[in-house]
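data_26.txt (compact mmCIF, C-alpha atoms)
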```
# COMPACT_ATOMS: atom_id res chain seq x y z
CA MET A 203 -44.47 46.37 0.50
CA ILE A 204 -45.74 49.70 -0.77
CA GLN A 205 -42.02 50.50 -1.14
CA LEU A 206 -41.90 47.89 -3.89
CA SER A 207 -43.01 50.38 -6.53
CA TYR A 208 -40.45 52.85 -5.21
CA LEU A 209 -37.75 50.17 -5.45
CA ASP A 210 -38.75 49.46 -9.02
CA TYR A 211 -38.67 53.19 -9.84
CA SER A 212 -35.17 53.45 -8.36
CA ALA A 213 -33.96 50.47 -10.44
CA VAL A 214 -35.28 51.89 -13.71
CA GLU A 215 -34.59 55.61 -13.21
CA GLY A 216 -31.25 55.44 -11.31
CA LYS A 217 -28.19 56.77 -13.17
CA SER A 218 -25.27 55.71 -10.94
CA SER A 219 -22.37 53.54 -12.09
CA LEU A 220 -23.88 50.59 -10.22
CA HIS A 221 -27.14 51.05 -12.16
CA ARG A 222 -25.19 51.02 -15.43
CA LEU A 223 -23.21 47.90 -14.51
CA SER A 224 -24.20 44.70 -16.36
CA PRO A 225 -26.98 42.78 -14.52
CA LYS A 226 -24.95 39.59 -15.00
CA VAL A 227 -22.02 41.07 -13.05
CA LYS A 228 -24.38 42.21 -10.28
CA VAL A 229 -26.00 38.77 -9.99
CA ILE A 230 -22.54 37.17 -9.83
CA GLY A 231 -21.63 39.75 -7.16
CA MET A 232 -24.72 38.81 -5.18
CA ALA A 233 -23.75 35.14 -5.44
CA PHE A 234 -20.33 36.07 -4.06
CA VAL A 235 -21.97 37.96 -1.16
CA LEU A 236 -24.08 34.88 -0.40
CA LEU A 237 -21.04 32.61 -0.54
CA THR A 238 -19.24 34.90 1.92
CA ILE A 239 -22.25 34.92 4.28
CA VAL A 240 -22.44 31.13 4.21
CA THR A 241 -18.72 30.47 4.66
CA VAL A 242 -17.39 33.33 6.83
CA ARG A 243 -17.90 32.71 10.54
CA ASN A 244 -16.05 35.63 12.10
CA ILE A 245 -17.38 39.04 13.01
CA PRO A 246 -14.58 41.19 11.47
CA GLY A 247 -15.02 39.45 8.09
CA LEU A 248 -18.77 39.99 8.05
CA LEU A 249 -18.37 43.56 9.32
CA LEU A 250 -16.00 44.28 6.42
CA LEU A 251 -18.55 42.86 3.95
CA TYR A 252 -21.31 45.00 5.50
CA VAL A 253 -19.16 48.15 5.28
CA ILE A 254 -18.44 47.37 1.60
CA LEU A 255 -22.17 46.90 0.93
CA LEU A 256 -22.99 50.17 2.73
CA GLY A 257 -20.32 51.88 0.62
CA LEU A 258 -21.96 50.50 -2.54
CA PHE A 259 -25.33 51.68 -1.24
CA LEU A 260 -23.92 55.21 -0.91
CA LEU A 261 -22.23 54.99 -4.33
CA SER A 262 -25.42 53.85 -6.04
CA ARG A 263 -27.31 56.90 -4.64
CA VAL A 264 -30.28 54.68 -3.82
CA PRO A 265 -32.73 56.72 -1.67
CA TRP A 266 -32.29 56.15 2.08
CA ARG A 267 -36.01 55.47 2.31
CA ILE A 268 -35.25 52.10 0.72
CA PHE A 269 -32.54 51.40 3.30
CA SER A 270 -35.21 50.68 5.94
CA LEU A 271 -36.07 47.53 3.93
CA THR A 272 -32.66 46.08 4.79
CA LEU A 273 -33.38 46.40 8.54
CA TYR A 274 -36.76 44.66 8.35
CA PRO A 275 -35.44 41.04 8.71
CA LEU A 276 -33.91 41.94 12.08
CA ILE A 277 -37.42 41.62 13.59
CA PHE A 278 -37.26 37.87 12.89
CA ALA A 279 -33.58 37.45 13.71
CA VAL A 280 -34.46 38.48 17.29
CA LEU A 281 -36.37 35.20 17.65
CA PHE A 282 -33.31 33.21 16.67
CA ILE A 283 -31.15 34.62 19.47
CA PHE A 284 -33.17 32.60 21.99
CA VAL A 285 -31.55 29.46 20.57
CA SER A 286 -28.11 30.70 21.59
CA GLY A 287 -28.89 31.53 25.21
CA PHE A 288 -28.21 35.25 24.58
CA GLN A 289 -24.53 34.91 23.65
CA ILE A 290 -23.41 38.31 22.38
CA ARG A 291 -20.98 36.90 19.81
CA PHE A 292 -23.62 34.65 18.26
CA ILE A 293 -26.20 37.45 18.21
CA LEU A 294 -23.73 39.78 16.46
CA LEU A 295 -22.86 37.05 13.97
CA VAL A 296 -26.53 36.38 13.15
CA PHE A 297 -27.41 40.08 12.91
CA LEU A 298 -24.45 40.77 10.61
CA LYS A 299 -25.40 37.82 8.38
CA VAL A 300 -28.98 39.15 8.23
CA LEU A 301 -27.85 42.68 7.40
CA CYS A 302 -25.32 41.57 4.75
CA GLY A 303 -27.90 39.35 3.03
CA SER A 304 -30.72 41.88 3.07
CA THR A 305 -28.49 44.81 2.05
CA GLY A 306 -27.09 42.74 -0.83
CA VAL A 307 -30.48 41.72 -2.25
CA VAL A 308 -32.08 45.15 -1.75
CA LEU A 309 -29.08 46.77 -3.46
CA LEU A 310 -29.38 44.32 -6.37
CA LEU A 311 -33.10 44.99 -6.77
CA ALA A 312 -32.77 48.77 -6.34
CA THR A 313 -30.16 49.01 -9.10
CA THR A 314 -31.38 46.34 -11.56
CA PRO A 315 -34.79 46.32 -13.28
CA TYR A 316 -36.58 43.07 -12.51
CA PRO A 317 -36.98 41.91 -16.16
CA SER A 318 -33.16 41.90 -16.37
CA ILE A 319 -32.91 39.70 -13.26
CA PHE A 320 -35.62 37.35 -14.56
CA ARG A 321 -33.87 37.15 -17.95
CA ILE A 322 -30.72 35.90 -16.22
CA LEU A 323 -32.75 33.47 -14.10
CA GLY A 324 -34.35 32.23 -17.35
CA LYS A 325 -30.97 30.80 -18.38
CA VAL A 326 -30.95 28.50 -15.35
CA LEU A 327 -34.62 27.95 -14.52
CA PRO A 328 -37.35 26.44 -16.77
CA PRO A 329 -39.15 29.08 -18.91
CA PHE A 330 -42.51 28.20 -17.35
CA PHE A 331 -41.15 29.04 -13.94
CA VAL A 332 -39.62 32.35 -15.01
CA THR A 333 -42.94 33.31 -16.66
CA ALA A 334 -44.74 32.54 -13.39
CA LEU A 335 -42.17 34.65 -11.51
CA PHE A 336 -42.67 37.53 -13.92
CA LEU A 337 -46.49 37.29 -13.65
CA THR A 338 -46.28 37.23 -9.85
CA TYR A 339 -44.14 40.34 -9.83
CA ARG A 340 -46.49 42.08 -12.27
CA SER A 341 -49.52 41.00 -10.20
CA VAL A 342 -48.06 42.61 -7.07
CA PHE A 343 -48.34 46.01 -8.79
CA ILE A 344 -51.89 45.29 -10.00
CA LEU A 345 -52.90 44.32 -6.47
CA LEU A 346 -51.18 47.37 -4.98
CA ASP A 347 -53.59 49.52 -7.03
CA VAL A 348 -56.51 47.47 -5.66
CA VAL A 349 -55.10 47.90 -2.12
CA GLU A 350 -55.13 51.69 -2.59
CA GLU A 351 -58.80 51.61 -3.64
CA THR A 352 -59.67 49.18 -0.84
CA GLN A 353 -57.99 51.39 1.78
CA HIS A 354 -60.56 54.14 1.19
CA ALA A 355 -63.43 51.66 1.51
CA LEU A 356 -61.81 50.27 4.66
CA TYR A 357 -61.58 53.71 6.31
CA LEU A 358 -65.22 54.42 5.42
CA ARG A 359 -66.20 51.22 7.26
CA GLY A 360 -64.28 52.12 10.39
CA GLY A 361 -60.78 50.98 9.36
CA LEU A 362 -58.58 49.31 11.94
CA GLN A 363 -59.27 50.28 15.56
CA TRP A 364 -57.64 48.64 18.58
CA ARG A 365 -60.77 49.43 20.61
CA HIS A 366 -62.91 47.35 18.25
CA PRO A 367 -60.76 44.29 17.47
CA TRP A 368 -63.56 42.13 16.03
CA ARG A 369 -64.75 44.85 13.67
CA SER A 370 -61.12 45.45 12.64
CA LEU A 371 -60.63 41.73 11.94
CA VAL A 372 -63.82 41.62 9.84
CA ASN A 373 -62.72 44.74 7.94
CA ILE A 374 -59.21 43.44 7.24
CA SER A 375 -60.59 40.02 6.19
CA ASN A 376 -63.13 41.61 3.86
CA ALA A 377 -60.34 43.73 2.40
CA PHE A 378 -58.24 40.61 1.72
CA GLY A 379 -61.30 38.81 0.32
CA HIS A 380 -61.95 41.77 -1.98
CA LEU A 381 -58.28 41.76 -2.98
CA ILE A 382 -58.39 38.05 -3.84
CA ILE A 383 -61.63 38.29 -5.87
CA LYS A 384 -60.41 41.39 -7.74
CA GLY A 385 -57.09 39.62 -8.30
CA ILE A 386 -58.76 36.52 -9.73
CA ASP A 387 -60.90 38.67 -12.05
CA ALA A 388 -57.80 40.56 -13.17
CA SER A 389 -55.90 37.29 -13.74
CA GLU A 390 -58.69 35.98 -16.03
CA LYS A 391 -58.58 39.20 -18.07
CA MET A 392 -54.78 39.11 -18.11
CA TYR A 393 -54.74 35.55 -19.48
CA GLU A 394 -57.21 36.41 -22.24
CA SER A 395 -55.20 39.45 -23.32
CA MET A 396 -51.95 37.43 -23.21
CA VAL A 397 -53.46 34.73 -25.44
CA LEU A 398 -54.64 37.41 -27.88
CA ARG A 399 -51.05 38.66 -28.05
CA GLY A 400 -49.74 35.16 -28.86
CA PHE A 401 -48.72 33.90 -25.42
CA LYS A 402 -47.51 30.28 -25.50
CA ASN A 403 -46.15 29.39 -22.06
CA LYS A 404 -43.22 31.80 -22.37
CA ILE A 405 -42.70 35.54 -22.13
CA HIS A 406 -40.04 36.87 -24.48
CA TYR A 407 -37.87 39.73 -23.29
CA ARG A 408 -36.61 42.59 -25.42
CA GLY A 409 -33.28 41.67 -27.02
CA GLU A 410 -33.91 37.91 -26.97
CA MET B 143 -44.22 32.27 12.28
CA SER B 144 -44.70 28.99 10.51
CA HIS B 145 -41.84 29.50 8.13
CA ILE B 146 -38.21 30.27 8.70
CA HIS B 147 -37.20 33.89 8.62
CA PHE B 148 -33.60 32.93 9.24
CA PRO B 149 -30.71 34.58 7.50
CA ASP B 150 -28.29 32.95 5.11
CA GLY B 151 -25.37 31.19 6.70
CA VAL B 152 -26.99 30.16 9.98
CA LEU B 153 -28.43 26.80 8.93
CA PRO B 154 -25.92 24.05 8.00
CA VAL B 155 -25.15 23.67 4.30
CA TRP B 156 -26.37 20.04 4.11
CA LEU B 157 -29.75 21.14 5.49
CA TRP B 158 -30.51 23.97 3.08
CA VAL B 159 -29.04 22.06 0.12
CA SER B 160 -31.35 19.11 0.99
CA GLY B 161 -34.23 21.61 1.16
CA PHE B 162 -33.48 22.75 -2.39
CA VAL B 163 -33.08 19.18 -3.68
CA VAL B 164 -36.40 18.01 -2.19
CA THR B 165 -38.20 21.16 -3.40
CA ILE B 166 -36.88 20.73 -6.96
CA LEU B 167 -37.77 17.02 -6.95
CA VAL B 168 -41.32 17.70 -5.74
CA GLY B 169 -41.65 20.56 -8.24
CA VAL B 170 -40.50 18.38 -11.16
CA ILE B 171 -42.90 15.56 -10.17
CA LEU B 172 -45.85 17.99 -9.88
CA PHE B 173 -44.91 19.63 -13.19
CA ARG B 174 -44.84 16.21 -14.92
CA PHE B 175 -48.28 15.24 -13.60
CA THR B 176 -49.99 18.54 -14.47
CA LYS B 177 -51.38 19.11 -17.97
CA LYS B 178 -49.39 21.78 -19.83
CA GLU B 179 -52.50 23.55 -21.21
CA GLU B 180 -54.11 23.58 -17.77
CA LEU B 181 -50.92 24.97 -16.26
CA ALA B 182 -50.64 27.73 -18.90
CA ARG B 183 -54.31 28.65 -18.38
CA ARG B 184 -53.89 28.93 -14.63
CA LEU B 185 -50.52 30.71 -14.68
CA PRO B 186 -52.00 34.23 -14.24
CA LEU B 187 -54.17 32.96 -11.37
CA LEU B 188 -51.09 31.36 -9.79
CA GLY B 189 -49.22 34.66 -10.13
CA MET B 190 -52.12 36.64 -8.69
CA MET B 191 -52.54 34.38 -5.64
CA ALA B 192 -48.77 34.42 -5.05
CA ALA B 193 -48.91 38.23 -5.22
CA ALA B 194 -51.78 38.27 -2.69
CA MET B 195 -49.65 36.11 -0.38
CA ILE B 196 -46.72 38.53 -0.78
CA LEU B 197 -48.97 41.46 0.10
CA GLY B 198 -50.33 39.50 3.07
CA ALA B 199 -46.75 38.98 4.27
CA SER B 200 -46.28 42.75 4.32
CA VAL B 201 -48.99 43.22 6.97
CA GLU B 202 -46.78 42.76 9.99
CA ILE B 203 -47.97 42.52 13.59
CA VAL B 204 -44.66 43.70 15.05
CA PRO B 205 -44.95 42.76 18.76
CA ILE B 206 -45.32 39.06 17.94
CA ALA B 207 -43.37 39.14 14.63
CA TYR B 208 -46.36 37.66 12.84
CA HIS B 209 -47.80 38.33 9.42
CA VAL B 210 -50.78 36.90 7.60
CA ASN B 211 -49.69 34.08 5.27
CA LEU B 212 -52.91 33.49 3.25
CA THR B 213 -51.40 30.11 2.32
CA VAL B 214 -54.42 28.06 3.39
CA ILE B 215 -56.98 30.15 1.50
CA SER B 216 -54.63 30.14 -1.53
CA GLY B 217 -54.32 26.35 -1.18
CA ILE B 218 -58.12 25.98 -1.10
CA LEU B 219 -58.47 28.15 -4.22
CA LEU B 220 -55.47 26.82 -6.20
CA GLY B 221 -55.36 23.16 -5.24
CA PRO B 222 -52.39 21.15 -3.91
CA SER B 223 -50.05 21.19 -6.91
CA LEU B 224 -50.35 24.87 -7.80
CA ILE B 225 -50.01 26.00 -4.19
CA PHE B 226 -46.60 24.29 -4.07
CA LEU B 227 -45.41 26.34 -7.05
CA ALA B 228 -47.03 29.48 -5.61
CA THR B 229 -45.16 29.13 -2.31
CA PHE B 230 -41.89 28.65 -4.21
CA LEU B 231 -42.51 31.91 -6.12
CA VAL B 232 -43.54 33.74 -2.95
CA ASN B 233 -40.39 32.69 -1.14
CA ILE B 234 -38.13 33.74 -4.03
CA ILE B 235 -39.69 37.21 -4.20
CA LEU B 236 -39.77 37.63 -0.41
CA ALA B 237 -36.10 36.61 -0.24
CA LEU B 238 -35.33 39.31 -2.83
CA PHE B 239 -36.63 41.83 -0.29
CA GLY B 240 -34.54 40.37 2.52
CA HIS B 241 -37.56 38.63 4.07
CA GLY B 242 -35.84 35.31 4.80
CA GLY B 243 -32.52 34.25 3.33
CA ILE B 244 -31.97 33.12 -0.25
CA THR B 245 -30.41 29.82 0.81
CA VAL B 246 -33.47 28.88 2.91
CA ILE B 247 -35.90 29.30 -0.01
CA GLY B 248 -36.13 25.51 -0.45
CA LEU B 249 -36.84 24.82 3.23
CA ASN B 250 -39.31 27.70 3.44
CA THR B 251 -41.11 26.37 0.37
CA LEU B 252 -41.44 22.95 1.96
CA THR B 253 -42.78 24.26 5.29
CA LEU B 254 -45.12 26.79 3.68
CA SER B 255 -46.43 24.29 1.13
CA ILE B 256 -47.18 21.85 3.98
CA GLU B 257 -49.49 24.60 5.23
CA GLY B 258 -51.18 25.11 1.84
CA ILE B 259 -51.49 21.42 0.89
CA LEU B 260 -52.62 20.30 4.34
CA GLY B 261 -55.01 23.25 4.52
CA TYR B 262 -56.59 22.16 1.22
CA PHE B 263 -57.08 18.51 2.24
CA LEU B 264 -58.16 19.31 5.81
CA PHE B 265 -60.72 21.80 4.52
CA ARG B 266 -62.16 19.21 2.09
CA ILE B 267 -62.39 16.58 4.87
CA LEU B 268 -63.79 18.97 7.50
CA TRP B 269 -66.29 20.38 5.02
CA ARG B 270 -67.63 16.87 4.36
CA VAL B 271 -67.88 16.17 8.10
CA LEU B 272 -69.11 19.51 9.48
CA ARG B 273 -70.98 20.93 6.45
CA ARG B 274 -70.31 24.40 7.88
CA LEU B 275 -67.93 26.74 6.12
CA THR B 276 -66.54 28.94 8.92
CA PRO B 277 -65.54 26.17 11.39
CA ALA B 278 -64.20 24.02 8.54
CA ILE B 279 -61.88 26.78 7.30
CA PHE B 280 -60.89 27.85 10.83
CA LEU B 281 -59.96 24.32 11.93
CA ALA B 282 -58.19 23.55 8.65
CA THR B 283 -56.12 26.72 8.98
CA PHE B 284 -55.34 26.20 12.65
CA LEU B 285 -54.23 22.58 12.19
CA ALA B 286 -52.27 23.29 9.00
CA LEU B 287 -50.37 26.13 10.69
CA LEU B 288 -49.71 23.99 13.75
CA CYS B 289 -48.19 21.27 11.51
CA SER B 290 -46.05 23.69 9.54
CA THR B 291 -44.78 25.36 12.74
CA VAL B 292 -43.86 21.95 14.15
CA SER B 293 -42.02 21.13 10.92
CA MET B 294 -40.21 24.50 11.13
CA ILE B 295 -39.13 23.69 14.69
CA GLY B 296 -37.97 20.29 13.42
CA VAL B 297 -35.84 21.99 10.76
CA VAL B 298 -34.32 24.33 13.35
CA GLY B 299 -33.64 21.32 15.61
CA LEU B 300 -31.81 19.52 12.80
CA GLY B 301 -29.24 22.31 12.72
CA ALA B 302 -28.53 22.27 16.49
CA SER B 303 -24.98 20.94 16.21
CA HIS B 304 -24.17 23.61 13.65
CA TYR B 305 -25.33 26.42 15.99
CA GLU B 306 -23.12 24.98 18.70
CA GLU B 307 -20.18 25.24 16.32
CA LEU B 308 -21.08 28.86 15.55
CA ILE B 309 -21.47 29.74 19.23
CA HIS B 310 -18.30 28.12 20.50
CA GLN B 311 -15.84 28.26 17.61
CA GLU B 312 -14.24 31.48 18.85
CA ASP B 313 -13.86 30.06 22.34
CA GLU B 314 -11.81 27.25 20.85
CA GLN B 315 -9.67 29.53 18.68
CA GLY B 316 -9.33 32.63 20.86
CA ILE B 317 -6.63 33.79 23.27
CA PHE B 318 -8.13 31.72 26.07
CA GLU B 319 -7.85 28.53 24.05
CA PHE B 320 -5.46 26.76 26.46
CA LYS B 321 -7.54 27.51 29.55
CA LEU B 322 -10.78 26.40 27.96
CA LEU B 323 -9.34 23.19 26.59
CA LYS B 324 -7.83 22.44 29.96
CA ASP B 325 -11.23 23.04 31.60
CA LYS B 326 -12.84 20.74 29.09
CA ALA B 327 -10.39 17.99 29.88
CA ASP B 328 -10.92 18.42 33.60
CA HIS B 329 -14.71 18.65 33.56
CA PRO B 330 -16.10 17.00 30.43
CA GLU B 331 -19.70 16.86 31.73
CA ALA B 332 -19.71 20.61 32.56
CA SER B 333 -18.46 21.40 29.08
CA ALA B 334 -21.18 19.28 27.49
CA THR B 335 -23.87 21.23 29.40
CA LYS B 336 -22.38 24.57 28.40
CA GLU B 337 -22.31 23.70 24.71
CA ARG B 338 -25.95 22.62 24.51
CA VAL B 339 -28.02 24.85 22.28
CA ASN B 340 -31.18 26.01 24.03
CA LEU B 341 -33.89 24.70 21.72
CA LYS B 342 -36.39 24.37 24.56
CA ARG B 343 -36.28 28.11 25.12
CA PHE B 344 -36.77 28.68 21.39
CA ILE B 345 -39.78 26.33 21.35
CA SER B 346 -41.26 27.90 24.49
CA ILE B 347 -41.18 31.29 22.76
CA VAL B 348 -42.25 30.18 19.28
CA LEU B 349 -45.22 28.03 20.32
CA PRO B 350 -47.16 30.60 22.42
CA LEU B 351 -46.51 33.33 19.83
CA GLY B 352 -47.43 30.82 17.14
CA PHE B 353 -50.68 29.99 18.92
CA ILE B 354 -51.74 33.66 18.77
CA GLY B 355 -50.77 33.66 15.11
CA TRP B 356 -52.70 30.45 14.29
CA MET B 357 -55.82 31.85 15.99
CA LEU B 358 -55.53 35.16 14.15
CA GLU B 359 -54.85 33.51 10.81
CA GLY B 360 -57.67 31.03 11.43
CA VAL B 361 -60.17 33.83 12.10
CA ILE B 362 -58.96 35.96 9.17
CA THR B 363 -58.93 33.00 6.75
CA SER B 364 -62.42 31.87 7.74
CA LEU B 365 -63.74 35.43 7.36
CA ILE B 366 -62.07 35.68 3.93
CA GLY B 367 -63.59 32.30 3.02
CA ARG B 368 -67.03 33.54 4.08
CA TYR B 369 -66.60 36.69 2.02
CA ILE B 370 -65.54 34.71 -1.07
CA HIS B 371 -68.43 32.26 -0.54
CA ARG B 372 -70.86 35.19 -0.48
CA LEU B 373 -69.58 36.78 -3.69
CA ARG B 374 -67.97 33.99 -5.78
CA PRO B 375 -68.99 30.58 -4.32
CA ASP B 376 -67.79 28.87 -7.51
CA LEU B 377 -64.16 29.61 -6.52
CA LEU B 378 -64.41 27.34 -3.45
CA ARG B 379 -65.63 24.41 -5.60
CA LEU B 380 -68.03 23.11 -2.95
CA GLU B 381 -70.76 20.61 -3.83
CA LYS B 382 -74.36 21.70 -4.36
CA GLY B 383 -76.65 22.26 -1.39
CA THR B 384 -74.17 24.39 0.54
CA PRO B 385 -75.47 26.78 3.18
```
As structure tokens, how would this structure be written, given the file I've shared?
Amino acid sequence: MIQLSYLDYSAVEGKSSLHRLSPKVKVIGMAFVLLTIVTVRNIPGLLLLYVILLGLFLLSRVPWRIFSLTLYPLIFAVLFIFVSGFQIRFILLVFLKVLCGSTGVVLLLATTPYPSIFRILGKVLPPFFVTALFLTYRSVFILLDVVEETQHALYLRGGLQWRHPWRSLVNISNAFGHLIIKGIDASEKMYESMVLRGFKNKIHYRGE
Amino acid sequence: MSHIHFPDGVLPVWLWVSGFVVTILVGVILFRFTKKEELARRLPLLGMMAAAMILGASVEIVPIAYHVNLTVISGILLGPSLIFLATFLVNIILALFGHGGITVIGLNTLTLSIEGILGYFLFRILWRVLRRLTPAIFLATFLALLCSTVSMIGVVGLGASHYEELIHQEDEQGIFEFKLLKDKADHPEASATKERVNLKRFISIVLPLGFIGWMLEGVITSLIGRYIHRLRPDLLRLEKGTP
């Protein structure tokens, strides 16, 4: 999740043709990718889609460090193969669907700044919901700063050690507790500053 | 473990569409019954708790594919209606990072919110009965996660016929089509056995792994609860005379 800030940096600072493409077109493209994943049930079709997405990944010059995010869902897809009784074709089909979906969404997020995506979602979803989505996304970055601070405190208290599981559990729980309390404090301050700036249930984006 | 990390296109369309419909219906009902001013005031808190859940989901215990959910502690702090909206937000953002498919957002919201809502009510009941914070939070978390895992297994079970189609469609269309169809006609009972999706195996893997996860989450949540109780007891909204 620390890669989140890196993903955001890539979306804002990237200069490729995919970065310059209209966010609306990219969201429609993502919808098309999803439709293909849901409807196509053969391996060559999905493989073709994956190759196209990899090609777009190369074209967009998104750092390869971000690519590891697309492989992450495979950890969970492994569980699903037990349903099939280890049939190679089914496993390939599931893995390709996972990879196409994750590559598509990571590519969308790595080439489109999140306010642009939320602005498009705002046309379909209620404004209250889009505001909540925006605040959640913003809060992730606030909490990431707290996590960085907490990490130092955690190491000073022994950090995470496999040899001392109970102490590690207490440390990790205290870190989460600290994160939650700091987060709640920050949310109270955030609300007060938003009200001072005229917040009334909706965040207005530039150009609206 | 308690929510579905399945990709898009594996669950049948009717199932994930129903998930979205039910989620939207529940969301609209909750939105109608919550005061607008109260909702606006608690929006930053909702966002912050959802963000904490997202960060919790990034702490992965790889060998058992488990991550901390923090849904129960968020449910206790936010209450039943806001936790539903928080889980919806969490699932949308997680799906944007490829953590679970986009089409299963509705179903994931339902299973995760079962965890948060049940966790809230179980904690309130157990607190009244036990009057001790740590066991009340631990039991509430354990039982809530057990229920949401069972509901997740139920959702997977509902799609069994669809997986069979996915597994065997090529057999029916491929170059061996004639032979297979002939076999089917000759031995219908053998064919029926072959086509059965192995849900038992799935359950036998998910439940033991889930058990480790429920225990871990139960311990972590109760320790977090204890920490919060020590520093900000007002957040837990317990009655006076607490230990």
Residue among B:Phe239, B:Phe175, B:Phe263, B:Trp269 lying closest to chain A, counting only C-alpha atoms: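 Among the listed residues, the smallest separation from chain A belongs to B:Phe239.
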Neighbour list for Val232 of chain B as an MDAnalysis selection string, cut-off 8 Å, only C-alpha atoms, skip fewer than 6 positions in-chain: chainID B and resid 192:193 195:196
Kindly save the residues from that selection, with C-alpha atoms included, as a CSV table (one decimal), in the frame of the given file.
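And here's part_26.csv as it stands now:
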```
chain,number,residue,atom,x,y,z
B,192,ALA,CA,-48.8,34.4,-5.0
B,193,ALA,CA,-48.9,38.2,-5.2
B,195,MET,CA,-49.6,36.1,-0.4
B,196,ILE,CA,-46.7,38.5,-0.8
```
Using 8 Å as the limit and counting only C-alpha atoms, can you tabulate each residue of chain B that touches chain A, with its shortest atom-to-atom distance in Å and the two atoms involved, as CSV?
```
residue,atom,partner,partner_atom,distance
B:His147,CA,A:Phe278,CA,5.8
B:Phe148,CA,A:Ala279,CA,6.4
B:Pro149,CA,A:Val300,CA,4.9
B:Asp150,CA,A:Val240,CA,6.2
B:Gly151,CA,A:Val240,CA,3.8
B:Val152,CA,A:Val296,CA,7.0
B:Val155,CA,A:Val240,CA,7.9
B:Ala182,CA,A:Asn403,CA,5.7
B:Arg183,CA,A:Tyr393,CA,7.0
B:Leu185,CA,A:Ala334,CA,6.2
B:Pro186,CA,A:Ser389,CA,5.0
B:Leu187,CA,A:Ser389,CA,5.2
B:Leu188,CA,A:Ala334,CA,7.4
B:Gly189,CA,A:Thr338,CA,3.9
B:Met190,CA,A:Ser341,CA,5.3
B:Met191,CA,A:Ile382,CA,7.1
B:Ala192,CA,A:Thr338,CA,6.1
B:Ala193,CA,A:Val342,CA,4.8
B:Ala194,CA,A:Ile382,CA,6.7
B:Ile196,CA,A:Val342,CA,7.6
B:Leu197,CA,A:Met203,CA,6.7
B:Ser200,CA,A:Met203,CA,5.6
B:Val204,CA,A:Ile277,CA,7.7
B:Ala207,CA,A:Phe278,CA,6.5
B:Leu231,CA,A:Leu335,CA,6.1
B:Ile235,CA,A:Tyr339,CA,7.8
B:Ala237,CA,A:Val307,CA,7.9
B:Leu238,CA,A:Val307,CA,5.4
B:Phe239,CA,A:Val308,CA,5.8
B:Gly240,CA,A:Ser304,CA,4.1
B:His241,CA,A:Pro275,CA,5.6
B:Gly242,CA,A:Pro275,CA,6.9
B:Gly243,CA,A:Gly303,CA,6.9
B:Tyr305,CA,A:Ser286,CA,7.6
B:Leu308,CA,A:Phe292,CA,6.9
B:Ile309,CA,A:Phe292,CA,5.4
B:Val339,CA,A:Ser286,CA,5.9
B:Asn340,CA,A:Val285,CA,4.9
B:Leu341,CA,A:Val285,CA,5.4
B:Arg343,CA,A:Phe284,CA,6.3
B:Phe344,CA,A:Val285,CA,5.3
B:Val348,CA,A:Leu281,CA,7.9
B:Val361,CA,A:Leu371,CA,7.9
B:Ile362,CA,A:Ser375,CA,5.3
B:Thr363,CA,A:Ser375,CA,7.2
B:Leu365,CA,A:Ser375,CA,5.7
B:Ile366,CA,A:Gly379,CA,4.8
B:Gly367,CA,A:Gly379,CA,7.4
B:Tyr369,CA,A:Gly379,CA,6.0
B:Ile370,CA,A:Gly379,CA,6.1
B:Arg374,CA,A:Ile383,CA,7.7
```
Would you mind reading off the distance between atom CA of Gly355 of chain B and atom CA of Thr229 of chain B, one decimal, in Å? 18.9 Å
Residues of segment 247-274 of chain B that approach segment 376-379 of chain B to 12 Å or less, counting only C-alpha atoms: could you list each one with the shortest pair of atoms and its distance in Å to one decimal, rows by chain and increasing residue number, as CSV?
```
residue,atom,partner,partner_atom,distance
B:Tyr262,CA,B:Leu378,CA,10.5
B:Phe265,CA,B:Leu378,CA,10.4
B:Arg266,CA,B:Arg379,CA,9.9
B:Trp269,CA,B:Leu378,CA,11.1
```
Take the residues just selected and output them with C-alpha atoms as a compact mmCIF listing (two decimals), in the coordinates of the input.
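Written file, out-v9.txt:
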```txt
# COMPACT_ATOMS: atom_id res chain seq x y z
CA TYR B 262 -56.59 22.16 1.22
CA PHE B 265 -60.72 21.80 4.52
CA ARG B 266 -62.16 19.21 2.09
CA TRP B 269 -66.29 20.38 5.02
```
Please fill the gaps in segment 194-199 of chain B so it has N, CA and C atoms, and write that as a PDB file, keeping the file's coordinate frame.
```
ATOM      1  N   ALA B 194     -50.941  37.997  -3.871  1.00  0.00           N
ATOM      2  CA  ALA B 194     -51.780  38.270  -2.690  1.00  0.00           C
ATOM      3  C   ALA B 194     -51.066  37.776  -1.424  1.00  0.00           C
ATOM      4  N   MET B 195     -50.389  36.626  -1.533  1.00  0.00           N
ATOM      5  CA  MET B 195     -49.650  36.110  -0.380  1.00  0.00           C
ATOM      6  C   MET B 195     -48.482  37.044  -0.010  1.00  0.00           C
ATOM      7  N   ILE B 196     -47.839  37.593  -1.030  1.00  0.00           N
ATOM      8  CA  ILE B 196     -46.720  38.530  -0.780  1.00  0.00           C
ATOM      9  C   ILE B 196     -47.247  39.776  -0.077  1.00  0.00           C
ATOM     10  N   LEU B 197     -48.390  40.276  -0.537  1.00  0.00           N
ATOM     11  CA  LEU B 197     -48.970  41.460   0.100  1.00  0.00           C
ATOM     12  C   LEU B 197     -49.409  41.146   1.536  1.00  0.00           C
ATOM     13  N   GLY B 198     -49.941  39.930   1.726  1.00  0.00           N
ATOM     14  CA  GLY B 198     -50.330  39.500   3.070  1.00  0.00           C
ATOM     15  C   GLY B 198     -49.123  39.486   3.996  1.00  0.00           C
ATOM     16  N   ALA B 199     -47.981  39.057   3.464  1.00  0.00           N
ATOM     17  CA  ALA B 199     -46.750  38.980   4.270  1.00  0.00           C
ATOM     18  C   ALA B 199     -46.249  40.357   4.671  1.00  0.00           C
TER      19      ALA B 199
END
```
